[in-house]
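Trainee: Pasting a structure here, questions to come.
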Amino acid sequence: MWGHGGKYQTWTDHLARWSRGEQVDGRALPALERDDYHQDTWVRLADQLTRALSTRLQGWADDLTRALNAEQDEFAAARALVQARSGLHAVRDLAGHPSLTPELRTRLLKLVDGQIADLQRQLESQLDRLGRTGADPRWIEARRRTLRDNPLTGGAAPGAPEAPQPWAYDPTATPRRRIVTD
């Protein structure tokens with residue numbers, strides 16, 4: 001008769017609930033050591049971690065994209081970008097969980113940070129595609145500035161208090177470009 005599945009089951013149960021967006025406390029997760037598991041089991045556990053992170057990141061990216069597409073005002077778009085960063089803390093916390101081996105932590109954090117940077121590039125590329133379809137170039141440049149002034153990779157480190165975010169633009173500043181007509 002089988003009892004509890006030990007550390008493996010604790011982690012897999014946690015990952016299943018966490019990837020669905022449930023509020024779960026990961027502080028009590030047991031430490032994982034590679035030598036405690038057969039190679040196939042370790043790979044399966046690493047795959048479950050990667051899948052859970054990907055699921056949460058995909059949901060986060062979908063929510064962010066919807067929010068940005070709904071906003072025509074650059075202040076609201078900047079607010080959506082800044083607020084979206086808070087959703088990344090839970091993802092980075094799991095990827096860098098102290099109960100994971102240092103090698104796995106490093107690999108997962110690199111994966112997560114790469115996905116975030118890739119989304120930033122995709123958002124800017126989407127603006128380039130919009131420009132080719134004849135969208136208003138002023139709106140495109142304003143949105144590009146908003147994206148660059150409020151990068152997804154900015155903000156406080158996980159676990160640190162969120163620093164106050166600057167405005168997406170300074171309404172009192174002189175324009176960055178000056179157009180002189182003859």
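Identifiers in this document derive from the order of the structure tokens: chains are assigned A, B, ..., residues are numbered from 1 separately in each chain, and ligands are numbered from 1 in order of occurrence.
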When you look at segment 106-112 of chain A with a cut-off of 9 Å (counting only C-alpha atoms), what residues show up, excluding the ones that are within fewer than 3 positions of it in the same chain? I need them as a ChimeraX atom specification.
Mentor: /A:49-50,53-54,57,91-92,94-96,101-103,115-117
Trainee: Could you write out the selected residues, including N, CA, C and O atoms, as a PDB file, in the first residue's frame?
Mentor:
```
ATOM      1  N   LEU A  49       8.233  21.497 -13.863  1.00  0.00           N
ATOM      2  CA  LEU A  49       8.569  22.870 -13.484  1.00  0.00           C
ATOM      3  C   LEU A  49       8.522  23.792 -14.698  1.00  0.00           C
ATOM      4  O   LEU A  49       7.922  24.874 -14.644  1.00  0.00           O
ATOM      5  N   THR A  50       9.127  23.365 -15.779  1.00  0.00           N
ATOM      6  CA  THR A  50       9.163  24.171 -16.995  1.00  0.00           C
ATOM      7  C   THR A  50       7.758  24.391 -17.544  1.00  0.00           C
ATOM      8  O   THR A  50       7.406  25.506 -17.945  1.00  0.00           O
ATOM      9  N   LEU A  53       5.870  26.909 -15.304  1.00  0.00           N
ATOM     10  CA  LEU A  53       6.345  28.264 -15.571  1.00  0.00           C
ATOM     11  C   LEU A  53       5.830  28.777 -16.911  1.00  0.00           C
ATOM     12  O   LEU A  53       5.385  29.922 -17.027  1.00  0.00           O
ATOM     13  N   SER A  54       5.875  27.923 -17.928  1.00  0.00           N
ATOM     14  CA  SER A  54       5.392  28.318 -19.260  1.00  0.00           C
ATOM     15  C   SER A  54       3.905  28.630 -19.242  1.00  0.00           C
ATOM     16  O   SER A  54       3.464  29.594 -19.878  1.00  0.00           O
ATOM     17  N   LEU A  57       3.479  31.975 -17.503  1.00  0.00           N
ATOM     18  CA  LEU A  57       3.993  33.055 -18.354  1.00  0.00           C
ATOM     19  C   LEU A  57       3.082  33.307 -19.550  1.00  0.00           C
ATOM     20  O   LEU A  57       2.863  34.453 -19.939  1.00  0.00           O
ATOM     21  N   VAL A  91       6.337  34.230 -10.790  1.00  0.00           N
ATOM     22  CA  VAL A  91       7.017  33.350 -11.748  1.00  0.00           C
ATOM     23  C   VAL A  91       8.507  33.274 -11.420  1.00  0.00           C
ATOM     24  O   VAL A  91       9.090  32.190 -11.356  1.00  0.00           O
ATOM     25  N   ARG A  92       9.116  34.428 -11.190  1.00  0.00           N
ATOM     26  CA  ARG A  92      10.547  34.437 -10.874  1.00  0.00           C
ATOM     27  C   ARG A  92      10.814  33.806  -9.509  1.00  0.00           C
ATOM     28  O   ARG A  92      11.850  33.191  -9.295  1.00  0.00           O
ATOM     29  N   LEU A  94       9.213  31.247  -8.203  1.00  0.00           N
ATOM     30  CA  LEU A  94       9.235  29.792  -8.373  1.00  0.00           C
ATOM     31  C   LEU A  94      10.502  29.358  -9.114  1.00  0.00           C
ATOM     32  O   LEU A  94      11.149  28.389  -8.720  1.00  0.00           O
ATOM     33  N   ALA A  95      10.862  30.083 -10.164  1.00  0.00           N
ATOM     34  CA  ALA A  95      12.054  29.711 -10.937  1.00  0.00           C
ATOM     35  C   ALA A  95      13.319  29.780 -10.081  1.00  0.00           C
ATOM     36  O   ALA A  95      14.245  28.989 -10.271  1.00  0.00           O
ATOM     37  N   GLY A  96      13.364  30.692  -9.141  1.00  0.00           N
ATOM     38  CA  GLY A  96      14.539  30.834  -8.291  1.00  0.00           C
ATOM     39  C   GLY A  96      14.329  30.308  -6.882  1.00  0.00           C
ATOM     40  O   GLY A  96      15.009  30.743  -5.952  1.00  0.00           O
ATOM     41  N   THR A 101      17.835  22.913  -6.917  1.00  0.00           N
ATOM     42  CA  THR A 101      19.295  22.865  -7.005  1.00  0.00           C
ATOM     43  C   THR A 101      19.788  24.141  -7.702  1.00  0.00           C
ATOM     44  O   THR A 101      19.071  24.718  -8.523  1.00  0.00           O
ATOM     45  N   PRO A 102      20.997  24.586  -7.393  1.00  0.00           N
ATOM     46  CA  PRO A 102      21.511  25.803  -8.032  1.00  0.00           C
ATOM     47  C   PRO A 102      21.512  25.723  -9.562  1.00  0.00           C
ATOM     48  O   PRO A 102      21.206  26.710 -10.244  1.00  0.00           O
ATOM     49  N   GLU A 103      21.838  24.550 -10.112  1.00  0.00           N
ATOM     50  CA  GLU A 103      21.866  24.402 -11.568  1.00  0.00           C
ATOM     51  C   GLU A 103      20.470  24.583 -12.162  1.00  0.00           C
ATOM     52  O   GLU A 103      20.301  25.254 -13.178  1.00  0.00           O
ATOM     53  N   GLN A 115      12.243  34.592 -21.818  1.00  0.00           N
ATOM     54  CA  GLN A 115      10.855  34.706 -22.302  1.00  0.00           C
ATOM     55  C   GLN A 115      10.346  36.131 -22.126  1.00  0.00           C
ATOM     56  O   GLN A 115       9.647  36.660 -22.985  1.00  0.00           O
ATOM     57  N   ILE A 116      10.688  36.761 -21.011  1.00  0.00           N
ATOM     58  CA  ILE A 116      10.243  38.134 -20.756  1.00  0.00           C
ATOM     59  C   ILE A 116      10.875  39.089 -21.762  1.00  0.00           C
ATOM     60  O   ILE A 116      10.191  39.938 -22.344  1.00  0.00           O
ATOM     61  N   ALA A 117      12.174  38.950 -21.969  1.00  0.00           N
ATOM     62  CA  ALA A 117      12.862  39.798 -22.947  1.00  0.00           C
ATOM     63  C   ALA A 117      12.309  39.554 -24.352  1.00  0.00           C
ATOM     64  O   ALA A 117      12.153  40.497 -25.144  1.00  0.00           O
TER      65      ALA A 117
END
```
Trainee: Tell me, in Å to one decimal, how far atom CA of Leu32 of chain A is from atom CA of Gly87 of chain A.
Mentor: 25.3 Å
Trainee: Taking 2 positions as the minimum chain separation for residues in the same chain, which residues sit within 8 Å of Ser19 of chain A when counting only C-alpha atoms? Answer as a list of chain:residue names.
Mentor: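 Counting only the stated atoms, we get A:Leu15, A:Ala16, A:Arg17, A:Gly21, A:Glu22, A:Ala52, A:Leu53, A:Thr55, A:Arg56.
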Trainee: Can you measure atom CA of Trp11 of chain A to atom CA of Pro30 of chain A for me? One decimal in Å is fine.
Mentor: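 These atoms are spaced 7.8 Å apart.
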Trainee: Apply DSSP to the backbone of this structure and, from segment 4-160 of chain A, keep only the residues in alpha helix (DSSP H); write these as JSON, numbers by chain.
Mentor: {"A": [6, 7, 8, 9, 10, 11, 12, 13, 14, 15, 16, 17, 18, 19, 39, 40, 41, 42, 43, 44, 45, 46, 47, 48, 49, 50, 51, 52, 53, 54, 55, 56, 57, 58, 59, 60, 61, 62, 63, 64, 65, 66, 67, 68, 69, 70, 74, 75, 76, 77, 78, 79, 80, 81, 82, 83, 84, 85, 86, 87, 88, 89, 90, 91, 92, 93, 94, 95, 102, 103, 104, 105, 106, 107, 108, 109, 110, 111, 112, 113, 114, 115, 116, 117, 118, 119, 120, 121, 122, 123, 124, 125, 126, 127, 128, 129, 130, 131, 132, 137, 138, 139, 140, 141, 142, 143, 144, 145, 146, 147, 148, 149]}
Trainee: Here is a test: counting only C-alpha atoms, which residue of A:Leu119, A:Leu29, A:Ala78, A:Leu127 is nearest to Asp62 of chain A?
Mentor: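 Nearest candidate to Asp62 of chain A out of A:Leu119, A:Leu29, A:Ala78, A:Leu127: A:Leu119.
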Trainee: Identify which of the residues A:Arg148, A:Thr12, A:Thr65, A:Leu81 lies closest to Gln48 of chain A, counting only C-alpha atoms when measuring atom-to-atom distances.
Mentor: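 Of A:Arg148, A:Thr12, A:Thr65, A:Leu81, the one nearest Gln48 of chain A, counting only C-alpha atoms, is A:Thr12.
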Trainee: How far is it from atom CA of Asp63 of chain A to atom CA of Ala84 of chain A, in Å with one decimal?
Mentor: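 Going from atom CA of Asp63 of chain A over to atom CA of Ala84 of chain A covers 8.5 Å.
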Trainee: Go through A:Arg51, A:Asp36, A:Val180, A:Thr10 and flag the residue nearest Val24 of chain A, using only C-alpha atoms for the distances.
Mentor: A:Thr10
Trainee: Smallest atom-to-atom distance to Asp73 of chain A: which of A:Ile140, A:Leu130, A:Ala135, A:Leu88, using only C-alpha atoms?
Mentor: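 For Asp73 of chain A, the nearest of the candidates is A:Ile140.
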Trainee: Rank nothing, just name the residue among A:Ala142, A:Leu100, A:Asp149, A:Arg121 nearest to Gln72 of chain A, using only C-alpha atoms.
Mentor: A:Ala142
